[in-house]
Structure formats: structure tokens, C-alpha cells
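Remarks on the structure that follows.
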Amino acid sequence: MQLQTSATQNAESNQERRRHVFDLDDFSRAEIEEVLDTTESMKEILSREIKQVPTLRGKTIVNMFFEESTRTRISFELAARSLSAGVINFSGRGTSVEKGESLVDTVRTLQSLGADVLVIRHSQSGTPYLVAQHFQGSVINAGDGCHAHPTQALLDLFTIREKLGHIDQLKVVIIGDILHSRVARSNLWGLTKMGARVTLCAPPTLFGAARFWQAAWPTINISYNLDEALDGADVIMALRLQKERQQAGLLPSLREYSRFFALTDERLDYARDHALVMHPGPMNEGVEIMPEVALSSHSVISDQVANGVAVRMALLYLFTT
Amino acid sequence: MSPGAKQIFNADEIRRALVRIAHEIAERNEGVRDVVLIGIRRRGVPLAERIATALADFEGQQVPVGHLDITLYRDDLSRRSTTPRLQKTTIHTDITGRVVVLVDDVLYTGRTIRAALDALADLGRPGRIQLAVLVDRGHRELPIRADFVGKNVPTARDEQVEVRLHEVDNEPDTVLIVRQDM
């Protein structure tokens, strides 16, 4: 109940300002567009010689990463610094968490120490909602379990719009370990709200129940054949295949997965000439994507990383000032 | 015009004031060789463009025009209930060593100009910074004054100065003083 109330409050835009970013499910299309427009302005700041503005001076942002991360944590840190906020990185290791302090007590401690924004990544789905109930400032989800990764989805949307000019009506194919992917889930919210036509492609074992996906997002297509799925694609997103999946019995072998579902040069021919190749990273080159594809002229993987900083600046500006 | 609104500038008067300001800018700086006009978003932008057009007319020289968004430099962001919409800063000229003329519609407390000065300092090191405004309504809270003024208008704090420019507002150019009904 508590969660629902905060989500509906979030959705009512102008009067009550959104304070948290949990997922894109409660964002309207107009709100997403506002984030993307603001991101453009932030990119201009990052292109300057002095890449810093004083907007969040005096605020303290705590990066709580209970799961390892390179690009998300560093880009949140760069975003916060570019807005002149103070940044504290917290990983659980070397802290009272190791003495058994609970997450909620940790959050209360950070509150008392004067944190204004918590950026949290946790392996448990739903953690950001729990944290927000015990914290008076803003909470931004930097990835929770298999549930959501809204800042990744927003930077993907921004990169698509930047490269192709619009998102509406584009055919977007998401390939790979969809069942466990928070990137796929947040992107499904974002892409469908922005009017893209989404096709999910994976072996049946990495879908779970296919009906679930179409119940949640009725407009999407589901495919078990990559060559067919790629036909006419404007955007191709490959997801990382976690190697544990094979041990869990979801795949016969990585080699077999790769033969049917890896993004190769030859398979790119099925997509449109202007097609973008995206990957949220970290990549398993040779498993879900071939190195030559990741480095090809279609690839916008490094643009995604660069845009991540500007997107996170936009979110910090819009929801935590 | 809403009741209680008083017009202080019509379209012709705005045009003449801007032409005069353009002349003053050229006179003060002995030409416009080093001048860069920077309009503060939103309504400073069309005003800067218009001054540039006037300068091109009688100086025969195209003066570069930049657009400055000062939102991220404001000192009142956390006091506001909504976040102001951010727009792009586009300044394609290196401002270091140049004469930057900041252009805005209304000079009031001076806080916008303070923010603009901070923003400019992050973008380069101008040789000189001057300020041109269409209306100076008084009530300064900071030690800031304009170099070029369209009109000095004494106002009360509970009055509002509303500038309408056709480029931004899709309405005929005008400046009104509106008394807020409380």
C-alpha cells in the first residue's frame, strides 16, 4: 500500500515534484521527454572546458553499491561532481554492514550524517522502495535485482533519439537473457511509452512464461529466432549473458547459445542499414556479441557510456534540487 | 490587456529603444569589432538578436549572438516547488578577451545577472562585461547596474513587469505593469 501511494504521488507531475526514481513504470511520456531534453542541456556542459556548474553545491550524494559496477557508479559520481555535489561511495565492504548492521539502520545512519540523495544498487529487487521509506531525501535506483535499471533505460532512450532523431515507431530488438534482465524491463517501460515497436528474442528458457511479458506489455512481439527478429530492425540491444545461467541448466552450452543468439556481422545484414547496435555492458565478447560487431560503425556502445553521465545529471537536477 | 495593467512600452517604442541601445553599444566600444551579444533565456535571446540586426544595419558588421541559460546557477532552486525547465546554452564564439554584452528583458533584484556572471566566468574570461536591459524596474538586492537601459520604470514590489515579444510569446510586442490582485 505504502509503495502504491508513493508511486501515484510520483505520477502527479506539476504540483508535487517527483522525489525518487525507482523505475520508468510511473513516468509519463512527457516526463521521459523532459528528462531527455534536460540531458541535451547537460551534454553541452560536459563539452565545456570547465565541466562543472554549481547547482547542487552543498548537497551530499551517497552511492550505495551493494553489487559491483564500473560504469554506473563512476558515471553517477561524475554526474554528481559536475553539479558540484559532494559524493561518498559506499560498498558495504569495510563498513558496519559487515558487523551485521541492517540495510534500514544503515540508511538511517546515512540520513543522520546528512545525506541528501541515495543512489542504490542492490541484488534484491525492490530495495530502493524499502530504502525510500526510511529516508527523507531522494532515492535513485541504480539497479535492483532483476527488477529495474531506469537510468540505463533512459540513457538508451537518449542515445537512440540522439542518433536516429526519434523513438516513435522504431523497431527495437532486445536479445538475450531477458528473464534476468533489469535493463530489459526498464527499457520495455521506456520504449513502449515512447512508441517504439519492441521485439524480444531469446531461447524459450530465458523467457520464463512468454505470456507474462505480453500481459505486462501487450504491444510487444516475442521471437525465438534471431534472424527473423532482426528483419527490419532499427535498434538492436544485446544483453549480457551471465555465465551462471548455463550452470543453472537454462542453456545446453554457451557455444550453442552463441551459435543461435550471438549478434554477428552476417546477422546484422537482416537489420536496416542505419541500425544501431547497443549493449548495456559489461560485454561477453564472443558469447552474445562478436567483437567485430561491438566495434563496427553500427555500434553506439561507447556513446551509451558517455551519455550516461549527462542522463544522471539530468535526473539529479530534476528530482533532487 | 487585463484590468489593472498599464502599458509602458508599445511595439514601436521597444524598437526605438533597442536601436538606441545598439547605437550606445557601438559608441561605448568604438565599434563592435570585439563585441559578443549574449541573450539570457528566454526573452533576452530575441532582444539580443534584434540588437544584432540593428548593429548589422548601421555598423555593417554581424555581431555574434549567444544564448545563455542560467538555471543551473540560480540561488533559489531548492526554494522552488517545481524545477524550472532547462534549456541549452549555445555560445559558439570564444568569449575570452571579448566585450560581452549581456542582454535581458527586465532588471529587478539583480540575482539573474549575478547568476549570468558566474556562468560566463565558467565559459571563459571576457575582457569586459556590459549589461543591456529593456526595462530597469529598481529594487536591486545586489550591487549590479545596467550599462544600457531601454527605460527606467519605478515600480512597487507587488507589481509585475510583463514583457511580451512576438518571437517567444506569439503576441505583439509590449511591456505592461500589472498590479497583482491579492
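To be explicit about the labels: the chains of the C-alpha cells are called A, B, and onward in the order shown, and within each one the residues are counted from 1, while ligands get numbers from 1 in the order they are shown.
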
*8 Å contact set for stretch 164-180 of chain B, only C-alpha atoms, chain neighbours under 3 positions out, as number ranges by chain*: B: 4-11, 14, 42-43, 46, 158-161

Can I get the residues of chain A within 10 Å of chain B, each with the closest pair of atoms and their distance in Å to one decimal, using only C-alpha atoms, sorted chain first then ascending number, as a Markdown table?
```
| residue | atom | partner | partner_atom | distance |
| --- | --- | --- | --- | --- |
| A:Ser13 | CA | B:Thr82 | CA | 9.3 |
| A:Asn14 | CA | B:Thr82 | CA | 6.8 |
| A:Gln15 | CA | B:Thr82 | CA | 7.3 |
| A:Glu16 | CA | B:Ser81 | CA | 7.6 |
| A:Arg17 | CA | B:Thr82 | CA | 6.2 |
| A:Arg18 | CA | B:Thr82 | CA | 9.4 |
| A:Glu34 | CA | B:Arg85 | CA | 8.1 |
| A:Val35 | CA | B:Leu86 | CA | 9.8 |
| A:Asp37 | CA | B:Gln87 | CA | 8.0 |
| A:Thr38 | CA | B:Leu86 | CA | 5.8 |
| A:Thr39 | CA | B:Leu86 | CA | 9.2 |
| A:Glu40 | CA | B:Lys88 | CA | 7.3 |
| A:Ser41 | CA | B:Lys88 | CA | 4.6 |
| A:Met42 | CA | B:Lys88 | CA | 8.0 |
| A:Lys43 | CA | B:Lys88 | CA | 9.1 |
| A:Glu44 | CA | B:Lys88 | CA | 7.1 |
| A:Ile45 | CA | B:Thr89 | CA | 8.3 |
| A:Arg48 | CA | B:Leu123 | CA | 7.3 |
| A:Glu49 | CA | B:Leu123 | CA | 7.5 |
| A:Ile50 | CA | B:Asp122 | CA | 6.1 |
| A:Lys51 | CA | B:Asp122 | CA | 8.5 |
| A:Gln52 | CA | B:Asp122 | CA | 8.0 |
| A:Val53 | CA | B:Leu72 | CA | 6.5 |
| A:Pro54 | CA | B:Tyr73 | CA | 6.0 |
| A:Thr55 | CA | B:Leu72 | CA | 5.0 |
| A:Leu56 | CA | B:Leu72 | CA | 8.6 |
| A:Leu83 | CA | B:Leu72 | CA | 8.4 |
| A:Ala314 | CA | B:Leu86 | CA | 9.2 |
| A:Tyr317 | CA | B:Thr83 | CA | 8.1 |
| A:Leu318 | CA | B:Thr83 | CA | 6.1 |
| A:Phe319 | CA | B:Thr83 | CA | 7.9 |
| A:Thr320 | CA | B:Ser78 | CA | 8.6 |
| A:Thr321 | CA | B:Ser78 | CA | 5.4 |
```

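Picture a line from atom CA of A:Leu241 to atom CA of A:Arg161; it runs 26.1 Å.
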
*What's the 12 Å shell around A:Ile74, counting only C-alpha atoms, without same-chain residues fewer than 6 positions away, as JSON, numbers by chain?*
{"A": [63, 65, 68, 80, 81, 87, 88, 89, 119, 142, 305, 306, 308, 309, 312]}

Can I get the selected residues back with N, CA, C and O atoms, as a PDB file, in the first residue's frame?
```
ATOM      1  N   ASN A  63      26.599   7.114  -2.957  1.00  0.00           N
ATOM      2  CA  ASN A  63      26.493   5.975  -3.875  1.00  0.00           C
ATOM      3  C   ASN A  63      26.562   4.700  -3.047  1.00  0.00           C
ATOM      4  O   ASN A  63      27.621   4.355  -2.535  1.00  0.00           O
ATOM      5  N   PHE A  65      26.537   1.019  -3.353  1.00  0.00           N
ATOM      6  CA  PHE A  65      26.585  -0.076  -4.337  1.00  0.00           C
ATOM      7  C   PHE A  65      26.878  -1.397  -3.645  1.00  0.00           C
ATOM      8  O   PHE A  65      28.008  -1.679  -3.288  1.00  0.00           O
ATOM      9  N   GLU A  68      28.729  -5.030  -7.556  1.00  0.00           N
ATOM     10  CA  GLU A  68      29.834  -4.376  -8.247  1.00  0.00           C
ATOM     11  C   GLU A  68      29.326  -3.653  -9.505  1.00  0.00           C
ATOM     12  O   GLU A  68      28.305  -4.019 -10.079  1.00  0.00           O
ATOM     13  N   ALA A  80      27.387  13.746 -10.320  1.00  0.00           N
ATOM     14  CA  ALA A  80      27.252  14.499  -9.077  1.00  0.00           C
ATOM     15  C   ALA A  80      28.327  15.577  -8.980  1.00  0.00           C
ATOM     16  O   ALA A  80      28.059  16.715  -8.611  1.00  0.00           O
ATOM     17  N   ARG A  81      29.553  15.222  -9.360  1.00  0.00           N
ATOM     18  CA  ARG A  81      30.637  16.201  -9.294  1.00  0.00           C
ATOM     19  C   ARG A  81      30.421  17.338 -10.281  1.00  0.00           C
ATOM     20  O   ARG A  81      30.719  18.501  -9.984  1.00  0.00           O
ATOM     21  N   VAL A  87      30.301  13.728  -3.006  1.00  0.00           N
ATOM     22  CA  VAL A  87      29.983  12.323  -3.293  1.00  0.00           C
ATOM     23  C   VAL A  87      30.688  11.413  -2.301  1.00  0.00           C
ATOM     24  O   VAL A  87      31.868  11.581  -2.017  1.00  0.00           O
ATOM     25  N   ILE A  88      29.929  10.463  -1.777  1.00  0.00           N
ATOM     26  CA  ILE A  88      30.519   9.455  -0.901  1.00  0.00           C
ATOM     27  C   ILE A  88      30.180   8.095  -1.490  1.00  0.00           C
ATOM     28  O   ILE A  88      29.030   7.832  -1.848  1.00  0.00           O
ATOM     29  N   ASN A  89      31.195   7.265  -1.628  1.00  0.00           N
ATOM     30  CA  ASN A  89      30.969   5.923  -2.159  1.00  0.00           C
ATOM     31  C   ASN A  89      30.933   4.915  -1.030  1.00  0.00           C
ATOM     32  O   ASN A  89      31.783   4.939  -0.148  1.00  0.00           O
ATOM     33  N   VAL A 119      21.899   6.914  -3.994  1.00  0.00           N
ATOM     34  CA  VAL A 119      21.873   6.171  -5.257  1.00  0.00           C
ATOM     35  C   VAL A 119      22.150   4.739  -4.860  1.00  0.00           C
ATOM     36  O   VAL A 119      23.189   4.455  -4.263  1.00  0.00           O
ATOM     37  N   ALA A 142      19.813   2.487  -8.962  1.00  0.00           N
ATOM     38  CA  ALA A 142      20.905   2.245  -9.912  1.00  0.00           C
ATOM     39  C   ALA A 142      20.964   0.771 -10.289  1.00  0.00           C
ATOM     40  O   ALA A 142      21.997   0.266 -10.698  1.00  0.00           O
ATOM     41  N   VAL A 305      27.779   4.862 -22.933  1.00  0.00           N
ATOM     42  CA  VAL A 305      28.532   5.123 -21.705  1.00  0.00           C
ATOM     43  C   VAL A 305      28.671   6.632 -21.494  1.00  0.00           C
ATOM     44  O   VAL A 305      28.425   7.154 -20.401  1.00  0.00           O
ATOM     45  N   ALA A 306      29.048   7.348 -22.570  1.00  0.00           N
ATOM     46  CA  ALA A 306      29.253   8.796 -22.440  1.00  0.00           C
ATOM     47  C   ALA A 306      27.944   9.494 -22.065  1.00  0.00           C
ATOM     48  O   ALA A 306      27.926  10.386 -21.217  1.00  0.00           O
ATOM     49  N   GLY A 308      25.574   8.369 -20.390  1.00  0.00           N
ATOM     50  CA  GLY A 308      25.156   8.004 -19.038  1.00  0.00           C
ATOM     51  C   GLY A 308      25.395   9.119 -18.032  1.00  0.00           C
ATOM     52  O   GLY A 308      24.586   9.345 -17.134  1.00  0.00           O
ATOM     53  N   VAL A 309      26.487   9.837 -18.190  1.00  0.00           N
ATOM     54  CA  VAL A 309      26.792  10.912 -17.245  1.00  0.00           C
ATOM     55  C   VAL A 309      25.744  12.024 -17.373  1.00  0.00           C
ATOM     56  O   VAL A 309      25.188  12.495 -16.375  1.00  0.00           O
ATOM     57  N   ARG A 312      22.309  11.124 -15.959  1.00  0.00           N
ATOM     58  CA  ARG A 312      22.265  11.114 -14.491  1.00  0.00           C
ATOM     59  C   ARG A 312      22.334  12.533 -13.940  1.00  0.00           C
ATOM     60  O   ARG A 312      21.725  12.837 -12.911  1.00  0.00           O
TER      61      ARG A 312
END
```

*Near-stretch 164-167 of chain A list (12 Å; only C-alpha atoms; drop same-chain fewer than 5 positions) as a PyMOL selection string*: chain A and resi 29+32-33+36+156-159+172+190-198+234-235+273-276+298+300

*asked:* To test your reading of the structure, identify every residue in stretch 123-302 of chain A that backbone DSSP assigns to alpha helix (DSSP H), and report it as a VMD selection string.
replied: chain A and resid 127 to 132 150 to 164 182 to 193 210 to 216 226 to 229 244 to 247 254 to 261 265 to 268 291 to 294 301 to 302

*asked:* Using only C-alpha atoms, which protein or nucleic acid residues come within 7 Å of B:Ile40? Drop anything in the same chain fewer than 3 positions from it, and give the result as a ChimeraX atom specification.
replied: /B:43-45,67-69,103-104

_Please list as a count of residues only every residue within 10 Å of A:Gly114, counting only C-alpha atoms and excluding residues in the same chain fewer than 2 positions away._
12

*For B:Ile91: contacts at 10 Å, only C-alpha atoms, fewer than 6 positions along chain excluded, given as a VMD selection string*: chain B and resid 36 to 39 64 to 68 123
